[in-house]
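Written below as structure tokens is the structure these notes are about.
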Amino acid sequence: WPGTSLPALLFVVFQMTFAIIASAIISGSVAERMKFSAYVCFICLWSVLVYAPVCHWVWGPDGWMEEIGVKDFAGGNVVHETTAVSALVLAILLGPRLGHGESEKPAPHNVPFAILGAALLWFGWSG
């Protein structure tokens with residue numbers, strides 16, 4: 001990264017963690033609506049066509065949003081806004097989940113994992 005002693009590969013790995021988190025956020029909106037192979041293809045295209053340009057605009061030293069003074073603390077603009085809009089568009093385009101709205105409630109798939117997830121969230125919120 002210019003002006004620092006940070007190795008380029010380390011910077012790339014750091015930036016990829018944000019891209020991975022962004023793709024995980026989108027995955028929640030396409031669960032049970034899209035095949036995994038189609039999701040992987042979408043994420044590859046989305047990462048190049050949407051995520052990378054917005055990263056450069058906001059975080060790049062010569063990005064137009066950086067030049068007008070936009071501050072992005074904790075990835076709110078790049079990660080959360082791009083994924084929220086993309087997830088909403090995908091959910092609208094793909095339609096409702098299969099079996100959604102039927103009279104039967106689906107059984108839980110894995111109760112121990114649901115409890116573990118709730119405990120991790122609770123621990124994360126409480127510190």
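FYI, nothing fancy with the structure tokens labels: chains A, B, ... in order, residues from 1 per chain, ligands from 1 as they appear.
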Exercise for review: From stretch 20-115 of chain A, collect each residue whose DSSP state is helix (DSSP H, G or I) and return the set as a PyMOL selection string.
Suggested key: chain A and resi 20-30+36-59+64-67+73-94+111-115
Check your understanding: Within 8 Å of stretch 42-53 of chain A, counting only C-alpha atoms, which residues qualify if same-chain residues fewer than 3 places away don't, as a ChimeraX atom specification?
Key -> /A:19,23,38-39,56-57,78-79,82
Point to revise | Spatial neighbours of A:Leu93, 12 Å, only C-alpha atoms, chain gap at least 3 places, as an MDAnalysis selection string | key: chainID A and resid 29:30 33:34 86:90 96:97
Check your understanding: When you draw a straight line from atom CA of A:Gln15 to atom CA of A:Gly75, how long is it in Å?
Key ->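 For atom CA of A:Gln15 relative to atom CA of A:Gly75, the distance reads 10.7 Å.
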